[in-house]
file data.cif (mmCIF, C-alpha atoms and all ligand atoms)
data_model
#
loop_
_atom_site.label_atom_id
_atom_site.label_comp_id
_atom_site.auth_asym_id
_atom_site.auth_seq_id
_atom_site.Cartn_x
_atom_site.Cartn_y
_atom_site.Cartn_z
CA MET A 1 0.00 0.00 0.00
CA SER A 2 1.18 3.53 -0.72
CA GLU A 3 2.17 5.76 2.18
CA THR A 4 -0.45 8.07 3.60
CA LEU A 5 0.18 11.81 3.63
CA PHE A 6 0.60 11.65 7.39
CA GLU A 7 3.14 8.81 7.15
CA LYS A 8 5.21 11.06 4.88
CA ILE A 9 4.94 13.84 7.48
CA ILE A 10 5.88 11.42 10.29
CA GLN A 11 8.92 10.23 8.25
CA LYS A 12 9.79 13.93 7.60
CA GLU A 13 9.56 13.28 3.87
CA ILE A 14 7.28 16.29 3.54
CA PRO A 15 7.34 19.31 5.83
CA ALA A 16 4.79 20.19 8.48
CA ASP A 17 4.60 22.60 11.37
CA ILE A 18 5.20 20.15 14.24
CA VAL A 19 3.87 21.23 17.62
CA TYR A 20 4.59 18.05 19.62
CA GLU A 21 6.05 14.60 19.01
CA ASP A 22 6.63 11.47 21.06
CA GLU A 23 7.18 7.77 20.35
CA LEU A 24 3.51 7.11 19.57
CA SER A 25 2.21 10.33 18.09
CA ILE A 26 2.85 13.60 16.31
CA VAL A 27 0.89 16.85 16.47
CA ILE A 28 0.96 19.26 13.54
CA LYS A 29 -0.82 22.46 12.52
CA ASP A 30 -3.56 21.88 9.96
CA ILE A 31 -2.66 23.39 6.59
CA HIS A 32 -6.23 24.75 6.16
CA PRO A 33 -7.12 25.88 9.69
CA GLN A 34 -10.81 26.09 10.58
CA ALA A 35 -10.11 28.03 13.78
CA PRO A 36 -7.23 30.18 15.11
CA ILE A 37 -5.85 26.97 16.63
CA HIS A 38 -6.35 23.87 14.46
CA LEU A 39 -4.08 20.93 15.25
CA LEU A 40 -4.01 17.36 14.01
CA ILE A 41 -3.10 14.70 16.57
CA ILE A 42 -1.86 11.71 14.62
CA PRO A 43 -0.78 8.23 15.76
CA LYS A 44 2.49 7.03 14.22
CA LYS A 45 0.88 3.62 13.75
CA VAL A 46 -1.31 3.63 10.65
CA ILE A 47 -4.96 3.06 11.55
CA PRO A 48 -7.01 4.16 8.51
CA LYS A 49 -10.03 5.28 10.54
CA LEU A 50 -11.37 5.05 14.06
CA SER A 51 -13.78 2.25 13.20
CA ASP A 52 -10.80 0.14 12.05
CA ALA A 53 -9.22 0.29 15.51
CA SER A 54 -9.21 -2.83 17.67
CA ILE A 55 -8.47 -3.67 21.28
CA GLU A 56 -4.76 -3.77 20.33
CA GLU A 57 -4.94 -0.04 19.70
CA GLN A 58 -6.54 0.77 23.05
CA GLU A 59 -3.33 2.26 24.47
CA ILE A 60 -2.69 4.37 21.38
CA LEU A 61 -6.24 5.72 21.36
CA GLY A 62 -6.02 6.69 25.01
CA HIS A 63 -2.61 8.22 24.40
CA LEU A 64 -3.98 10.50 21.67
CA MET A 65 -6.57 11.87 24.10
CA LEU A 66 -3.94 12.54 26.74
CA VAL A 67 -1.72 14.24 24.15
CA ALA A 68 -4.65 16.50 23.25
CA GLY A 69 -4.93 17.59 26.86
CA LYS A 70 -1.17 18.03 27.23
CA VAL A 71 -0.82 20.15 24.09
CA ALA A 72 -3.86 22.23 25.04
CA GLU A 73 -2.22 22.94 28.37
CA GLN A 74 1.13 23.79 26.77
CA LEU A 75 -0.59 26.24 24.40
CA ASN A 76 -2.59 27.82 27.25
CA LEU A 77 -5.94 27.09 25.63
CA ASP A 78 -7.74 27.79 28.90
CA ASN A 79 -9.32 24.30 28.94
CA THR A 80 -11.37 25.39 25.93
CA PHE A 81 -11.10 23.27 22.81
CA ARG A 82 -13.00 20.76 20.71
CA ILE A 83 -11.80 17.36 19.52
CA ILE A 84 -13.25 15.96 16.30
CA ILE A 85 -12.69 12.69 14.49
CA ASN A 86 -14.14 12.40 11.00
CA ASN A 87 -14.76 8.71 10.36
CA GLY A 88 -15.37 7.84 6.70
CA ALA A 89 -15.65 9.97 3.57
CA LYS A 90 -19.31 10.86 4.17
CA ALA A 91 -18.36 12.20 7.60
CA GLY A 92 -15.73 14.44 6.02
CA GLN A 93 -12.64 12.24 6.33
CA SER A 94 -10.19 12.97 3.51
CA VAL A 95 -6.95 11.49 4.86
CA PHE A 96 -7.28 7.81 5.70
CA HIS A 97 -4.80 7.75 8.56
CA LEU A 98 -6.60 8.29 11.86
CA HIS A 99 -6.27 11.77 13.33
CA LEU A 100 -7.94 13.94 15.92
CA HIS A 101 -8.70 17.55 15.05
CA LEU A 102 -8.18 19.96 17.94
CA LEU A 103 -9.95 23.29 17.40
CA SER A 104 -9.66 26.29 19.67
CA GLY A 105 -9.24 30.06 19.76
CA ARG A 106 -12.79 31.03 18.80
CA THR A 107 -16.34 30.33 19.92
CA LEU A 108 -17.35 26.91 18.61
CA SER A 109 -21.04 26.60 17.84
CA TRP A 110 -23.13 23.48 18.34
CA PRO A 111 -24.28 21.43 16.51
CA PRO A 112 -21.33 21.36 14.10
CA GLY A 113 -22.15 21.45 10.38
P1 LIG A 201 -9.99 14.93 7.49
O1 LIG A 201 -10.74 15.67 6.40
O2 LIG A 201 -9.42 13.64 6.95
O3 LIG A 201 -10.75 14.75 8.76
O4 LIG A 201 -8.77 15.86 7.88
C1 LIG A 201 -7.61 15.95 7.12
C2 LIG A 201 -6.99 17.28 7.44
O5 LIG A 201 -5.68 17.30 6.93
C3 LIG A 201 -7.73 18.48 6.82
O6 LIG A 201 -8.19 19.35 7.83
C4 LIG A 201 -6.68 19.12 5.94
O7 LIG A 201 -6.73 20.53 5.94
C5 LIG A 201 -5.39 18.60 6.51
N1 LIG A 201 -4.31 18.50 5.55
C6 LIG A 201 -4.40 18.04 4.26
N2 LIG A 201 -3.20 18.06 3.67
C7 LIG A 201 -2.33 18.55 4.61
C8 LIG A 201 -0.92 18.79 4.58
O8 LIG A 201 -0.21 18.57 3.60
N3 LIG A 201 -0.38 19.29 5.73
C9 LIG A 201 -1.12 19.56 6.84
N4 LIG A 201 -0.47 20.05 7.90
N5 LIG A 201 -2.44 19.32 6.90
C10 LIG A 201 -3.04 18.83 5.79
#

call {"tool": "encode", "arguments": {"input": "data.cif", "output": "structure tokens"}}
result
Amino acid sequence: MSETLFEKIIQKEIPADIVYEDELSIVIKDIHPQAPIHLLIIPKKVIPKLSDASIEEQEILGHLMLVAGKVAEQLNLDNTFRIIINNGAKAGQSVFHLHLHLLSGRTLSWPPG
């Protein structure tokens, strides 16, 4: 299978604005931000979408949530942010390598579009 866009970013084959990185994950700025703060929290292990994850990925999934909280704290987001996972093309997923969107820096209305 060909490498996903995010694998190329993880391998540093293509550039990205990296905000945080550890052994399991990388956090980058979204290239088309939908809010003043728009980050992508990406596992280094390729899981195409959330519904493909299994019990083996339980630790990674939990880790991504904790990274979201850690990065939000580091960026002083005042405990105010939204996490979104688009699962499947009809839900807006365009890159099939699991990622969490972290949005912050403006009022976020509900329900989302
Ligand atoms: P999805 O639509 O799959 O939920 O989210 C994919 C996200 O990746 C989009 O918000 C899109 O703007 C972002 N994106 C697409 N290409 C690039 C890129 O080359 N670099 C970065 N940093 N983000 C990208």

call {"tool": "closest_residue", "arguments": {"input": "data.cif", "among": "A:Lys12, A:Lys90, A:Lys29, A:His63", "to": "Leu103 (chain A)", "atoms": "all atoms listed in the file"}}
result
A:Lys29

call {"tool": "axis_aligned_box", "arguments": {"input": "data.cif", "around": "region 33-48 of chain A", "padding_each_side": "4 Å", "output": "lines of an AutoDock Vina configuration file"}}
result
center_x = -4.2
center_y = 16.6
center_z = 12.6
size_x = 21.3
size_y = 35.1
size_z = 16.1

call {"tool": "residues_near_ligand", "arguments": {"input": "data.cif", "ligand": "ligand LIG 201 (chain A)", "cutoff": "6 Å", "atoms": "only C-alpha atoms and all ligand atoms", "output": "PyMOL selection string"}}
result
chain A and resi 16+28-32+86+92-95

call {"tool": "write_last_selection", "arguments": {"input": "data.cif", "atoms": "C-alpha atoms", "output": "PDB file, keeping the file's coordinate frame"}}
result
ATOM      1  CA  ALA A  16       4.790  20.190   8.480  1.00  0.00           C
ATOM      2  CA  ILE A  28       0.960  19.260  13.540  1.00  0.00           C
ATOM      3  CA  LYS A  29      -0.820  22.460  12.520  1.00  0.00           C
ATOM      4  CA  ASP A  30      -3.560  21.880   9.960  1.00  0.00           C
ATOM      5  CA  ILE A  31      -2.660  23.390   6.590  1.00  0.00           C
ATOM      6  CA  HIS A  32      -6.230  24.750   6.160  1.00  0.00           C
ATOM      7  CA  ASN A  86     -14.140  12.400  11.000  1.00  0.00           C
ATOM      8  CA  GLY A  92     -15.730  14.440   6.020  1.00  0.00           C
ATOM      9  CA  GLN A  93     -12.640  12.240   6.330  1.00  0.00           C
ATOM     10  CA  SER A  94     -10.190  12.970   3.510  1.00  0.00           C
ATOM     11  CA  VAL A  95      -6.950  11.490   4.860  1.00  0.00           C
TER      12      VAL A  95
END

call {"tool": "atom_distance", "arguments": {"input": "data.cif", "atom1": "CA of Asn87 (chain A)", "atom2": "CA of His101 (chain A)"}}
result
11.7 Å

call {"tool": "atom_distance", "arguments": {"input": "data.cif", "atom1": "CA of Gly88 (chain A)", "atom2": "CA of Phe6 (chain A)"}}
result
16.4 Å

call {"tool": "closest_residue", "arguments": {"input": "data.cif", "among": "A:Lys44, A:His97, A:Arg82, A:Lys70", "to": "Ser2 (chain A)", "atoms": "all atoms listed in the file"}}
result
A:His97

call {"tool": "residues_around", "arguments": {"input": "data.cif", "residues": "Ala53 (chain A)", "least_positions_apart": "5", "cutoff": "12 Å", "atoms": "only C-alpha atoms", "output": "list in words"}}
result
Pro43, Lys45, Val46, Ile47, Pro48, Gln58, Glu59, Ile60, Leu61, Gly62, Asn87, His97 and Leu98 of chain A

call {"tool": "atom_distance", "arguments": {"input": "data.cif", "atom1": "CA of Glu23 (chain A)", "atom2": "CA of Asp78 (chain A)"}}
result
26.4 Å

call {"tool": "closest_residue", "arguments": {"input": "data.cif", "among": "A:Leu5, A:Ile55, A:Leu77, A:Val27", "to": "Phe96 (chain A)", "atoms": "all atoms listed in the file"}}
result
A:Leu5

call {"tool": "closest_residue", "arguments": {"input": "data.cif", "among": "A:Ile10, A:Leu50, A:Leu102, A:Leu75", "to": "Gln34 (chain A)", "atoms": "only C-alpha atoms"}}
result
A:Leu102

call {"tool": "closest_residue", "arguments": {"input": "data.cif", "among": "A:Ile42, A:Ile26, A:Leu66, A:Leu100", "to": "Ile84 (chain A)", "atoms": "all atoms listed in the file"}}
result
A:Leu100

call {"tool": "closest_residue", "arguments": {"input": "data.cif", "among": "A:Ile18, A:Ser104, A:Phe81, A:Gln74", "to": "Pro36 (chain A)", "atoms": "all atoms listed in the file"}}
result
A:Ser104

call {"tool": "decode", "arguments": {"input": "data.cif", "residues": "region 80-93 of chain A", "atoms": "all heavy atoms", "output": "compact mmCIF listing (two decimals), in the first residue's frame"}}
result
# COMPACT_ATOMS: atom_id res chain seq x y z
N THR A 80 -10.27 25.13 26.86
CA THR A 80 -11.37 25.39 25.93
C THR A 80 -10.94 24.94 24.53
O THR A 80 -10.15 25.62 23.86
CB THR A 80 -11.71 26.90 25.92
OG1 THR A 80 -12.01 27.29 27.26
CG2 THR A 80 -12.90 27.18 25.01
N PHE A 81 -11.43 23.80 24.14
CA PHE A 81 -11.10 23.27 22.81
C PHE A 81 -12.10 22.19 22.46
O PHE A 81 -12.85 21.72 23.31
CB PHE A 81 -9.66 22.71 22.77
CG PHE A 81 -9.36 21.62 23.76
CD1 PHE A 81 -9.58 20.28 23.43
CD2 PHE A 81 -8.86 21.91 25.02
CE1 PHE A 81 -9.28 19.27 24.34
CE2 PHE A 81 -8.58 20.91 25.94
CZ PHE A 81 -8.79 19.58 25.59
N ARG A 82 -12.12 21.85 21.18
CA ARG A 82 -13.00 20.76 20.71
C ARG A 82 -12.16 19.74 19.97
O ARG A 82 -11.28 20.10 19.17
CB ARG A 82 -14.08 21.32 19.79
CG ARG A 82 -15.02 20.23 19.26
CD ARG A 82 -16.16 20.84 18.44
NE ARG A 82 -17.07 21.59 19.29
CZ ARG A 82 -18.01 22.43 18.83
NH1 ARG A 82 -18.14 22.62 17.53
NH2 ARG A 82 -18.81 23.06 19.66
N ILE A 83 -12.44 18.46 20.23
CA ILE A 83 -11.80 17.36 19.52
C ILE A 83 -12.82 16.75 18.56
O ILE A 83 -13.95 16.48 18.95
CB ILE A 83 -11.33 16.26 20.51
CG1 ILE A 83 -10.27 16.80 21.47
CG2 ILE A 83 -10.81 15.02 19.76
CD1 ILE A 83 -8.96 17.19 20.81
N ILE A 84 -12.37 16.54 17.33
CA ILE A 84 -13.25 15.96 16.30
C ILE A 84 -12.51 14.84 15.60
O ILE A 84 -11.32 14.96 15.29
CB ILE A 84 -13.63 17.03 15.25
CG1 ILE A 84 -14.42 18.17 15.90
CG2 ILE A 84 -14.43 16.41 14.09
CD1 ILE A 84 -14.49 19.42 15.06
N ILE A 85 -13.22 13.76 15.36
CA ILE A 85 -12.69 12.69 14.49
C ILE A 85 -13.71 12.48 13.38
O ILE A 85 -14.87 12.14 13.64
CB ILE A 85 -12.48 11.37 15.26
CG1 ILE A 85 -11.45 11.55 16.37
CG2 ILE A 85 -12.07 10.25 14.29
CD1 ILE A 85 -11.30 10.33 17.28
N ASN A 86 -13.30 12.72 12.15
CA ASN A 86 -14.14 12.40 11.00
C ASN A 86 -13.88 10.95 10.63
O ASN A 86 -12.74 10.57 10.37
CB ASN A 86 -13.81 13.34 9.83
CG ASN A 86 -14.12 14.79 10.14
OD1 ASN A 86 -15.10 15.08 10.82
ND2 ASN A 86 -13.28 15.69 9.66
N ASN A 87 -14.91 10.15 10.64
CA ASN A 87 -14.76 8.71 10.36
C ASN A 87 -15.52 8.35 9.08
O ASN A 87 -16.74 8.28 9.08
CB ASN A 87 -15.31 7.89 11.53
CG ASN A 87 -14.95 6.42 11.42
OD1 ASN A 87 -13.88 6.01 11.85
ND2 ASN A 87 -15.80 5.62 10.81
N GLY A 88 -14.75 8.18 7.98
CA GLY A 88 -15.37 7.84 6.70
C GLY A 88 -15.59 9.07 5.85
O GLY A 88 -15.78 10.19 6.36
N ALA A 89 -15.56 8.86 4.53
CA ALA A 89 -15.65 9.97 3.57
C ALA A 89 -16.93 10.78 3.76
O ALA A 89 -16.91 12.02 3.68
CB ALA A 89 -15.56 9.43 2.15
N LYS A 90 -18.04 10.12 4.04
CA LYS A 90 -19.31 10.86 4.17
C LYS A 90 -19.36 11.68 5.44
O LYS A 90 -20.20 12.57 5.58
CB LYS A 90 -20.50 9.88 4.13
CG LYS A 90 -20.76 9.31 2.76
CD LYS A 90 -21.99 8.41 2.80
CE LYS A 90 -22.15 7.67 1.49
NZ LYS A 90 -23.10 6.55 1.62
N ALA A 91 -18.46 11.40 6.37
CA ALA A 91 -18.36 12.20 7.60
C ALA A 91 -17.26 13.26 7.46
O ALA A 91 -16.91 13.92 8.44
CB ALA A 91 -18.08 11.30 8.80
N GLY A 92 -16.71 13.38 6.26
CA GLY A 92 -15.73 14.44 6.02
C GLY A 92 -14.28 13.99 6.09
O GLY A 92 -13.38 14.82 5.98
N GLN A 93 -14.04 12.69 6.26
CA GLN A 93 -12.64 12.24 6.33
C GLN A 93 -12.03 12.27 4.93
O GLN A 93 -12.61 11.73 3.97
CB GLN A 93 -12.56 10.82 6.91
CG GLN A 93 -11.11 10.38 7.12
CD GLN A 93 -10.97 9.04 7.83
OE1 GLN A 93 -11.97 8.37 8.11
NE2 GLN A 93 -9.74 8.65 8.11
